[in-house]
$ cat final03.cif   # mmCIF, C-alpha atoms
data_coords
#
loop_
_atom_site.label_atom_id
_atom_site.label_comp_id
_atom_site.auth_asym_id
_atom_site.auth_seq_id
_atom_site.Cartn_x
_atom_site.Cartn_y
_atom_site.Cartn_z
CA MET H 1369 0.00 0.00 0.00
CA THR H 1370 1.34 3.42 -0.93
CA ALA H 1371 0.82 6.65 0.97
CA GLU H 1372 -1.47 7.92 -1.79
CA ASP H 1373 -3.97 5.21 -0.90
CA ILE H 1374 -4.36 6.54 2.62
CA ARG H 1375 -7.20 8.99 3.13
CA VAL H 1376 -7.27 11.33 6.09
CA ARG H 1377 -10.26 13.46 7.06
CA PRO H 1378 -10.68 15.60 10.18
CA CYS H 1379 -14.15 15.74 11.82
CA PRO H 1380 -15.23 19.09 13.29
CA ASP H 1381 -14.71 18.99 17.09
CA GLY H 1382 -13.86 15.32 16.78
CA PRO H 1383 -11.23 12.83 15.71
CA VAL H 1384 -9.42 12.41 12.39
CA LEU H 1385 -10.74 9.54 10.28
CA VAL H 1386 -8.06 7.49 8.55
CA ARG H 1387 -8.83 5.02 5.79
CA GLY H 1388 -6.51 2.64 3.99
CA ALA H 1389 -3.64 2.50 6.52
CA ASP H 1390 -2.20 -0.76 7.91
CA ALA H 1391 -0.71 0.77 11.04
CA LEU H 1392 -0.22 4.03 12.86
CA VAL H 1393 3.14 4.99 14.36
CA ASP H 1394 2.75 7.37 17.32
CA ASP H 1395 5.09 10.14 18.54
CA ASP H 1396 7.00 7.66 20.69
CA GLY H 1397 7.68 5.46 17.67
CA ARG H 1398 5.24 2.78 18.78
CA ARG H 1399 3.44 0.96 16.01
CA HIS H 1400 -0.33 0.39 16.37
CA GLU H 1401 -1.78 -2.18 13.98
CA ILE H 1402 -5.03 -1.24 12.24
CA THR H 1403 -7.60 -4.02 11.81
CA ARG H 1404 -10.76 -2.07 10.94
CA PRO H 1405 -11.59 -0.44 7.60
CA VAL H 1406 -11.53 3.06 9.06
CA VAL H 1407 -10.08 4.30 12.35
CA ALA H 1408 -10.73 7.47 14.38
CA VAL H 1409 -7.48 8.98 15.62
CA CYS H 1410 -7.65 11.13 18.76
CA VAL H 1411 -6.59 14.74 18.31
CA CYS H 1412 -7.93 16.23 21.58
CA GLY H 1413 -5.28 14.41 23.62
CA LYS H 1414 -7.81 13.21 26.22
CA SER H 1415 -8.50 9.69 24.98
CA SER H 1416 -7.85 6.84 27.39
CA ARG H 1417 -7.11 4.67 24.36
CA ALA H 1418 -4.66 6.85 22.48
CA PRO H 1419 -3.95 6.93 19.63
CA TRP H 1420 -7.60 5.98 19.05
CA CYS H 1421 -10.60 8.20 19.81
CA ASP H 1422 -12.75 6.98 22.73
CA GLY H 1423 -15.40 9.70 22.58
CA THR H 1424 -13.96 11.71 25.48
CA HIS H 1425 -13.79 14.87 23.34
CA LYS H 1426 -17.57 15.10 23.79
CA ALA H 1427 -17.05 15.94 27.47
CA ARG H 1428 -15.02 19.02 26.52
CA PRO H 1429 -16.61 22.39 25.74
CA ARG H 1430 -17.06 22.86 22.01
CA ARG H 1431 -15.13 25.60 20.31
CA GLN H 1432 -17.25 28.48 19.06
CA VAL H 1433 -18.15 28.59 15.38
CA GLU H 1434 -16.75 32.13 15.10
CA GLU H 1435 -13.23 31.06 16.00
CA MET J 1432 -35.44 -20.89 18.05
CA LEU J 1433 -39.02 -21.85 18.86
CA LEU J 1434 -42.03 -19.57 18.64
CA PRO J 1435 -42.31 -17.63 21.92
CA THR J 1436 -45.31 -18.19 24.20
CA PRO J 1437 -47.90 -15.42 23.76
CA CYS J 1438 -48.67 -13.13 26.69
CA GLY J 1439 -51.98 -11.48 25.74
CA PRO J 1440 -54.66 -11.12 23.07
CA VAL J 1441 -52.49 -9.57 20.33
CA SER J 1442 -49.50 -11.88 20.67
CA GLY J 1443 -52.06 -14.65 21.05
CA GLN J 1444 -53.57 -13.71 17.71
CA MET J 1445 -50.12 -13.57 16.09
CA HIS J 1446 -49.29 -16.94 17.65
CA ASP J 1447 -52.47 -18.45 16.22
CA LEU J 1448 -51.56 -17.23 12.74
CA MET J 1449 -48.05 -18.65 13.08
CA VAL J 1450 -49.27 -22.11 14.02
CA GLY J 1451 -51.88 -22.10 11.25
CA ARG J 1452 -55.00 -21.42 13.33
CA ARG J 1453 -57.10 -18.97 11.41
CA SER J 1454 -60.38 -18.95 13.22
CA LEU J 1455 -59.79 -15.36 14.32
CA SER J 1456 -60.40 -12.59 11.88
CA THR J 1457 -57.45 -10.23 11.83
CA ALA J 1458 -59.66 -7.66 10.13
CA THR J 1459 -61.17 -6.77 13.48
CA GLY J 1460 -57.73 -6.49 15.02
CA PRO J 1461 -56.83 -5.57 18.55
CA THR J 1462 -58.46 -2.39 19.73
CA THR J 1463 -56.70 -0.92 22.69
CA ASP J 1464 -55.76 2.54 23.88
CA GLN J 1465 -52.80 1.20 25.76
CA SER J 1466 -49.31 2.50 25.00
CA VAL J 1467 -47.79 0.29 22.32
CA ILE J 1468 -44.22 1.06 23.37
CA GLU J 1469 -44.75 -0.25 26.88
CA ASP J 1470 -47.24 -2.99 26.08
CA LEU J 1471 -45.50 -6.35 26.25
CA ASP J 1472 -48.31 -8.11 24.40
CA GLN J 1473 -48.14 -5.91 21.29
CA GLN J 1474 -44.35 -5.68 21.26
CA LEU J 1475 -44.01 -9.45 21.47
CA ALA J 1476 -46.52 -9.85 18.61
CA LEU J 1477 -44.54 -7.36 16.52
CA TRP J 1478 -41.20 -8.96 17.37
CA THR J 1479 -42.57 -12.36 16.39
CA ALA J 1480 -43.82 -11.04 13.03
CA TYR J 1481 -40.50 -9.33 12.28
CA GLU J 1482 -38.47 -12.36 13.26
CA LEU J 1483 -39.76 -14.17 10.17
CA SER J 1484 -37.54 -11.76 8.17
CA TYR J 1485 -34.47 -12.63 10.28
CA ARG J 1486 -33.69 -16.12 11.58
CA GLY J 1487 -37.28 -17.39 11.72
CA PHE J 1488 -38.62 -20.09 14.04
CA ASP J 1489 -37.96 -23.82 13.85
CA ASP J 1490 -41.67 -24.52 14.36
CA VAL J 1491 -43.13 -21.92 11.97
CA ASP J 1492 -43.63 -22.20 8.21
CA PRO J 1493 -41.12 -19.70 6.70
CA ASP J 1494 -43.64 -18.77 3.99
CA LEU J 1495 -45.63 -16.92 6.65
CA GLU J 1496 -43.11 -14.08 6.26
CA TRP J 1497 -45.29 -12.85 3.38
CA ASP J 1498 -48.63 -14.11 4.65
CA LEU J 1499 -51.28 -11.42 4.21
CA ASP J 1500 -52.94 -11.99 7.59
CA VAL J 1501 -49.61 -11.84 9.42
CA LEU J 1502 -48.72 -8.67 7.52
CA ALA J 1503 -52.13 -7.11 8.23
CA LEU J 1504 -51.85 -7.68 11.97
CA ARG J 1505 -48.24 -6.47 11.88
CA ALA J 1506 -49.29 -3.31 10.01
CA GLU J 1507 -51.95 -2.49 12.61
CA ILE J 1508 -49.44 -2.64 15.44
CA GLU J 1509 -46.87 -0.74 13.38
CA ALA J 1510 -49.29 2.11 12.66
CA ARG J 1511 -49.99 2.60 16.36
CA PHE J 1512 -46.32 2.19 17.25
CA GLU J 1513 -45.26 4.85 14.74
CA ARG J 1514 -47.98 7.27 15.86
CA GLU J 1515 -46.93 6.90 19.46
CA LEU J 1516 -43.24 7.34 18.63
CA ARG J 1517 -44.01 10.52 16.68
CA SER J 1518 -45.96 12.04 19.52
CA ALA J 1519 -43.38 10.96 22.14
CA THR J 1520 -40.46 12.51 20.23
CA ARG J 1521 -42.11 15.75 19.07
CA ASP J 1522 -40.44 17.81 21.83
CA ARG J 1523 -36.99 16.55 20.86
CA THR J 1524 -37.32 17.18 17.12
CA GLU J 1525 -39.05 20.57 17.38
CA ARG J 1526 -36.13 22.10 19.26
CA VAL J 1527 -33.79 21.39 16.35
CA ALA J 1528 -32.66 24.25 14.05
CA ASP J 1529 -33.17 23.91 10.29
CA ASP J 1530 -29.87 25.23 9.01
CA THR J 1531 -27.14 23.27 10.83
CA PRO J 1532 -25.40 20.45 8.91
CA ILE J 1533 -27.15 17.21 9.83
CA GLY J 1534 -23.94 15.57 11.13
CA ASP J 1535 -23.41 18.29 13.75
CA GLU J 1536 -27.13 18.35 14.47
CA LEU J 1537 -27.29 14.63 15.21
CA LEU J 1538 -24.17 14.60 17.36
CA ASP J 1539 -25.45 17.66 19.28
CA LEU J 1540 -28.85 16.06 19.75
CA VAL J 1541 -27.19 13.05 21.38
CA ALA J 1542 -24.69 15.13 23.38
CA GLY J 1543 -27.48 17.34 24.75
CA ASP J 1544 -29.55 14.39 25.85
CA GLU J 1545 -29.65 13.93 29.61
CA GLY J 1546 -30.16 10.23 30.05
CA PRO J 1547 -30.98 8.44 33.31
CA ARG J 1548 -27.25 7.86 33.91
CA LEU J 1549 -27.59 4.12 33.46
CA SER J 1550 -24.01 3.58 32.29
CA ALA J 1551 -22.61 5.67 35.18
CA TYR J 1552 -24.54 3.45 37.57
CA LEU J 1553 -23.33 0.27 35.86
CA ARG J 1554 -19.75 1.50 36.12
CA ARG J 1555 -19.76 2.41 39.79
CA ASP J 1556 -22.63 0.85 41.70
CA ALA J 1557 -24.43 -2.01 39.95
CA THR J 1558 -24.38 -5.45 41.56
CA ALA J 1559 -23.47 -8.48 39.47
CA GLU J 1560 -27.15 -9.41 39.31
CA GLU J 1561 -28.12 -5.94 38.06
CA MET J 1562 -25.37 -6.08 35.43
CA ARG J 1563 -26.71 -9.45 34.29
CA ASP J 1564 -30.22 -8.01 34.18
CA PHE J 1565 -28.99 -5.20 31.92
CA LEU J 1566 -27.13 -7.61 29.62
CA ARG J 1567 -30.17 -9.89 29.43
CA GLU J 1568 -32.54 -7.03 28.50
CA ARG J 1569 -30.15 -5.80 25.79
CA SER J 1570 -29.59 -9.30 24.38
CA ILE J 1571 -32.71 -9.00 22.22
CA GLN J 1572 -31.25 -6.24 20.07
CA GLN J 1573 -27.53 -7.00 20.46
CA LEU J 1574 -27.69 -10.61 19.28
CA LYS J 1575 -28.96 -9.28 15.96
CA GLU J 1576 -26.88 -6.15 16.11
CA SER J 1577 -26.62 -4.45 12.69
CA ASP J 1578 -28.96 -6.92 11.00
CA PRO J 1579 -31.89 -4.47 10.74
CA GLN J 1580 -29.62 -1.85 9.15
CA SER J 1581 -28.57 -4.33 6.45
CA PHE J 1582 -32.12 -4.02 5.13
CA LEU J 1583 -31.40 -0.32 4.57
CA LEU J 1584 -28.47 -0.91 2.19
CA PRO J 1585 -30.48 -1.60 -0.98
CA ARG J 1586 -32.62 1.46 -0.22
CA LEU J 1587 -29.62 3.82 -0.57
CA GLU J 1588 -27.46 5.14 -3.37
CA GLY J 1589 -23.90 6.39 -3.83
CA ALA J 1590 -22.01 7.87 -0.89
CA ALA J 1591 -24.69 6.98 1.67
CA LYS J 1592 -24.59 3.33 0.60
CA VAL J 1593 -20.79 3.30 0.78
CA ALA J 1594 -20.86 4.81 4.29
CA LEU J 1595 -23.37 2.27 5.59
CA ALA J 1596 -21.50 -0.63 3.98
CA GLU J 1597 -18.26 0.54 5.58
CA ILE J 1598 -19.84 0.53 9.05
CA GLN J 1599 -21.59 -2.79 8.46
CA TYR J 1600 -18.35 -4.47 7.35
CA ASP J 1601 -16.83 -3.43 10.68
CA GLU J 1602 -19.93 -4.53 12.63
CA TYR J 1603 -19.81 -7.90 10.89
CA GLY J 1604 -16.21 -8.49 11.98
CA ALA J 1605 -14.23 -6.99 9.05
CA GLY J 1606 -13.48 -10.45 7.69
CA ARG J 1607 -12.86 -12.05 11.09
CA VAL J 1608 -15.55 -14.42 12.36
CA GLU J 1609 -14.44 -13.98 15.96
CA ALA J 1610 -14.94 -10.21 15.67
CA LEU J 1611 -18.57 -10.41 14.52
CA HIS J 1612 -20.21 -8.10 17.05
CA GLN J 1613 -23.21 -10.38 17.56
CA THR J 1614 -20.87 -13.23 18.46
CA MET J 1615 -18.87 -10.98 20.77
CA TYR J 1616 -22.09 -10.13 22.61
CA ALA J 1617 -22.91 -13.84 22.90
CA ARG J 1618 -19.47 -14.36 24.47
CA THR J 1619 -20.26 -11.60 26.98
CA LEU J 1620 -23.51 -13.34 27.91
CA GLU J 1621 -21.70 -16.64 28.31
CA ALA J 1622 -18.93 -15.07 30.40
CA VAL J 1623 -21.42 -13.71 32.94
CA GLY J 1624 -23.37 -16.96 33.14
CA LEU J 1625 -26.28 -16.10 30.84
CA ASP J 1626 -27.66 -18.08 27.91
CA PRO J 1627 -25.89 -16.86 24.72
CA GLN J 1628 -28.43 -18.39 22.33
CA TYR J 1629 -30.26 -16.11 19.94
CA GLY J 1630 -33.72 -15.33 21.30
CA ALA J 1631 -33.15 -17.13 24.61
CA TYR J 1632 -34.66 -14.28 26.63
CA VAL J 1633 -37.43 -13.12 24.32
CA GLY J 1634 -40.07 -14.36 26.76
CA GLU J 1635 -38.42 -12.67 29.75
CA VAL J 1636 -37.49 -9.13 28.71
CA SER J 1637 -39.58 -5.99 29.03
CA ALA J 1638 -41.79 -4.35 26.40
CA VAL J 1639 -39.29 -1.49 26.08
CA SER J 1640 -36.46 -3.92 25.32
CA LEU J 1641 -38.55 -5.50 22.58
CA ALA J 1642 -39.60 -2.05 21.33
CA SER J 1643 -35.93 -1.01 21.11
CA ALA J 1644 -35.30 -3.92 18.76
CA ASN J 1645 -38.62 -3.55 16.93
CA VAL J 1646 -38.14 0.12 16.09
CA MET J 1647 -35.09 -0.78 13.99
CA SER J 1648 -37.10 -3.33 12.03
CA LEU J 1649 -40.00 -0.88 11.65
CA PHE J 1650 -37.70 1.69 10.05
CA ALA J 1651 -35.56 -0.73 8.03
CA LEU J 1652 -38.40 -2.80 6.56
CA HIS J 1653 -40.33 0.21 5.23
CA HIS J 1654 -38.86 2.20 2.36
CA ARG J 1655 -40.93 5.21 3.48
CA LEU J 1656 -39.12 5.21 6.85
CA ARG J 1657 -35.55 4.72 5.57
CA GLY J 1658 -34.57 8.25 6.65
CA ALA J 1659 -35.75 7.49 10.17
CA GLY J 1660 -33.74 4.27 10.06
CA LEU J 1661 -30.57 6.18 9.21
CA GLY J 1662 -31.18 8.82 11.88
CA HIS J 1663 -31.88 6.14 14.46
CA PHE J 1664 -28.69 4.32 13.52
CA ALA J 1665 -26.57 7.49 13.75
CA ALA J 1666 -27.98 8.39 17.18
CA PHE J 1667 -27.61 4.81 18.35
CA GLU J 1668 -23.95 4.71 17.33
CA ALA J 1669 -23.31 8.18 18.77
CA SER J 1670 -24.69 7.22 22.17
CA SER J 1671 -22.55 4.11 22.43
CA SER J 1672 -18.82 4.81 22.79
CA VAL J 1673 -18.85 6.64 26.14
CA PRO J 1674 -21.41 4.31 27.79
CA SER J 1675 -19.49 1.28 26.45
CA ARG J 1676 -16.35 2.52 28.20
CA ARG J 1677 -18.29 2.79 31.48
CA ILE J 1678 -19.95 -0.60 31.12
CA ALA J 1679 -16.59 -2.26 30.40
CA ALA J 1680 -15.23 -0.64 33.58
CA GLY J 1681 -18.26 -1.90 35.51
CA LEU J 1682 -17.75 -5.47 34.28
CA GLU J 1683 -14.10 -5.26 35.31
CA ARG J 1684 -15.01 -3.80 38.72
CA LEU J 1685 -17.32 -6.77 39.24
CA GLU J 1686 -14.52 -9.08 38.05
CA MET J 1687 -16.80 -10.73 35.52
CA GLY J 1688 -13.80 -11.63 33.33
CA PRO J 1689 -12.03 -10.24 30.25
CA ASP J 1690 -14.39 -12.06 27.87
CA ALA J 1691 -17.31 -10.15 29.37
CA ALA J 1692 -15.80 -6.72 28.79
CA ALA J 1693 -14.29 -7.38 25.33
CA TYR J 1694 -17.52 -6.53 23.50
CA PHE J 1695 -17.76 -3.15 25.23
CA HIS J 1696 -14.07 -2.34 24.76
CA GLU J 1697 -14.51 -3.05 21.07
CA HIS J 1698 -17.46 -0.64 20.95
CA VAL J 1699 -15.54 2.24 22.50
CA GLU J 1700 -13.24 2.35 19.48
CA ALA J 1701 -15.63 1.07 16.84
CA ASP J 1702 -18.43 3.47 17.70
CA SER J 1703 -16.11 6.47 17.95
CA VAL J 1704 -15.57 5.81 14.24
CA HIS J 1705 -19.11 4.76 13.40
CA GLU J 1706 -20.76 7.79 14.98
CA GLN J 1707 -18.77 10.13 12.74
CA VAL J 1708 -19.33 8.07 9.59
CA ALA J 1709 -23.03 7.54 10.36
CA ALA J 1710 -23.87 11.13 11.28
CA ARG J 1711 -21.76 12.91 8.67
CA ASP J 1712 -21.20 10.57 5.70
CA LEU J 1713 -24.30 8.41 5.89
CA CYS J 1714 -26.98 10.89 6.99
CA GLY J 1715 -25.17 13.84 5.39
CA SER J 1716 -24.93 12.21 1.95
CA PHE J 1717 -28.46 10.84 2.20
CA LEU J 1718 -29.93 14.28 2.92
CA ALA J 1719 -27.85 15.91 0.19
CA ASP J 1720 -29.82 13.68 -2.21
CA HIS J 1721 -33.11 13.81 -0.27
CA PRO J 1722 -33.29 17.17 1.55
CA SER J 1723 -37.03 16.78 2.18
CA LEU J 1724 -36.36 13.82 4.50
CA ARG J 1725 -34.45 15.82 7.13
CA GLN J 1726 -37.33 15.60 9.62
CA ASP J 1727 -37.46 11.82 9.17
CA VAL J 1728 -33.77 11.51 10.00
CA LEU J 1729 -34.25 13.63 13.12
CA PHE J 1730 -37.37 11.64 14.04
CA GLY J 1731 -35.40 8.41 13.90
CA ALA J 1732 -32.59 9.85 16.01
CA ALA J 1733 -35.10 11.10 18.59
CA CYS J 1734 -36.68 7.63 18.74
CA ALA J 1735 -33.31 6.08 19.60
CA LEU J 1736 -32.82 8.58 22.42
CA HIS J 1737 -36.39 8.22 23.67
CA LEU J 1738 -36.26 4.43 23.88
CA GLU J 1739 -32.80 4.50 25.42
CA ALA J 1740 -34.10 6.85 28.13
CA LEU J 1741 -37.21 4.70 28.76
CA SER J 1742 -35.08 1.59 29.07
CA GLY J 1743 -32.57 3.26 31.40
CA THR J 1744 -35.32 4.63 33.62
CA GLU J 1745 -37.09 1.28 33.71
CA LEU J 1746 -33.96 -0.60 34.79
CA MET J 1747 -32.91 1.98 37.37
CA GLU J 1748 -36.42 1.95 38.90
CA ARG J 1749 -36.56 -1.83 38.87
CA TRP J 1750 -33.26 -2.06 40.75
CA GLU J 1751 -34.26 0.71 43.17
CA THR J 1752 -37.45 -1.20 44.00
CA GLY J 1753 -35.40 -4.36 44.45
CA ARG J 1754 -33.06 -2.62 46.88
CA ARG J 1755 -35.96 -1.20 48.89
CA GLU J 1756 -37.56 -4.62 49.14
CA ASP J 1757 -34.26 -6.15 50.25
CA GLN J 1758 -33.89 -3.52 52.95
CA ALA J 1759 -37.47 -4.00 54.11
CA SER J 1760 -37.11 -7.75 54.50
#
$ encode --input "final03.cif" --output "structure tokens"
Amino acid sequence: MTAEDIRVRPCPDGPVLVRGADALVDDDGRRHEITRPVVAVCVCGKSSRAPWCDGTHKARPRRQVEE
Amino acid sequence: MLLPTPCGPVSGQMHDLMVGRRSLSTATGPTTDQSVIEDLDQQLALWTAYELSYRGFDDVDPDLEWDLDVLALRAEIEARFERELRSATRDRTERVADDTPIGDELLDLVAGDEGPRLSAYLRRDATAEEMRDFLRERSIQQLKESDPQSFLLPRLEGAAKVALAEIQYDEYGAGRVEALHQTMYARTLEAVGLDPQYGAYVGEVSAVSLASANVMSLFALHHRLRGAGLGHFAAFEASSSVPSRRIAAGLERLEMGPDAAAYFHEHVEADSVHEQVAARDLCGSFLADHPSLRQDVLFGAACALHLEALSGTELMERWETGRREDQAS
């Protein structure tokens, strides 16, 4: 699989959806295997299952639309 | 699975049709002012009729799936069920603005919903017996998890179809039999000492538990209600990841074993993905093609939240009563 096959899409006030990747390598160099067709990667930094989204961002105040 | 034992006049009538007794005229039908959502008799009759489109019953002629009398009785219950759902969810859907993108709207609708804090209770306070009670009540819908939504696939086109298929592939194990969500739920039941067989508790669960499963079939088996089916699915997925995390923690607190919690751990991650895909890609793409069905999508989402709240309240009250009786004795 080449990098061009990987699709990345941020969700407003939510995670980044990644399609087509086999694994995700985090900032510490750890490799996380991907077994589902699309994964939600945490970007709020609050997930208890980093690097994956666990829905915790919903407990945070939403940013204003004007920002 | 065998045909469940009827528990009143309507399920009795459905039962008679299923076993080939046709002395009753379905044209007269059941006339009752009772709530359909909370009426065990009507929900069991509806569940029985729908089941012919899923796994069926070992002791029922499969051709009855398209039997006109069965369908007529089913349609009568469905009409009342839908009317009651519309009136029960009017408050929720009327508060919604018209101009927000549907994905944000659906996720906000779920986030703003104050439930009865069932999952918080399961995490911190529930006894093992209460946890089993919860798992038993949910077994009706979870052992056929995602099956109703598969009936929606041929009703969709383009991007909406792709989005639903992507979620369904994940729900059905993404090519791994052991990861089929229905099977994972069966393993949870087994791990906590419950019967993992499909339909094992149909005769024991509440009307609301049956209604929660039936509403998915109602929406998925009617082309007219496909928008409601998609909205329901999006809200259902969006109200799953955080509660699943709490329920997994509750199962671990009660030391019910790693097999018990695996299903809920899986849903924390899976539904964090599915809620985004369902709300934005599935409902968003669907409404781009069918903007007039926006209210239907919201109606479906509100139904998911309404039934979830009814079920949570019912269980919390049941356990509260149980505790009071224990203290009194």
$ resolve_selection --input "final03.cif" --expression "the PyMOL selection byres ((chain H) within 8 of (chain J))" --output "JSON, numbers by chain"
{"H": [1379, 1385, 1403, 1404, 1405, 1406, 1407, 1408, 1420, 1421, 1422, 1423, 1424, 1426]}
$ atom_distance --input "final03.cif" --atom1 "atom CA of J:Leu1587" --atom2 "atom CA of J:Gly1662"
13.5 Å
$ resolve_selection --input "final03.cif" --expression "the PyMOL selection byres ((chain H and resi 1389) around 8)" --output "PyMOL selection string"
chain H and resi 1369+1373-1374+1386-1388+1390-1392+1402
$ write_last_selection --input "final03.cif" --atoms "C-alpha atoms" --output "CSV table (one decimal), in the frame of the given file"
chain,number,residue,atom,x,y,z
H,1369,MET,CA,0.0,0.0,0.0
H,1373,ASP,CA,-4.0,5.2,-0.9
H,1374,ILE,CA,-4.4,6.5,2.6
H,1386,VAL,CA,-8.1,7.5,8.6
H,1387,ARG,CA,-8.8,5.0,5.8
H,1388,GLY,CA,-6.5,2.6,4.0
H,1390,ASP,CA,-2.2,-0.8,7.9
H,1391,ALA,CA,-0.7,0.8,11.0
H,1392,LEU,CA,-0.2,4.0,12.9
H,1402,ILE,CA,-5.0,-1.2,12.2
$ residues_around --input "final03.cif" --residues "J:Pro1437" --least-positions-apart "3" --cutoff "9 Å" --atoms "only C-alpha atoms" --output "PyMOL selection string"
chain J and resi 1434+1440-1446+1472+1475-1476+1634
$ atom_distance --input "final03.cif" --atom1 "atom CA of J:Val1501" --atom2 "atom CA of J:Leu1656"
20.2 Å
$ resolve_selection --input "final03.cif" --expression "the PyMOL selection byres ((chain J and resi 1451) around 12)" --output "list in words"
Gln1444, Met1445, His1446, Asp1447, Leu1448, Met1449, Val1450, Arg1452, Arg1453, Ser1454, Leu1455, Asp1490, Val1491, Asp1492, Pro1493, Asp1494, Leu1495, Asp1498, Asp1500 and Val1501 of chain J
$ atom_distance --input "final03.cif" --atom1 "atom CA of H:Cys1410" --atom2 "atom CA of J:Glu1683"
24.2 Å
$ closest_residue --input "final03.cif" --among "J:Ala1709, J:Ala1591, J:Ala1596, J:Val1639" --to "J:Ala1740" --atoms "only C-alpha atoms"
J:Val1639
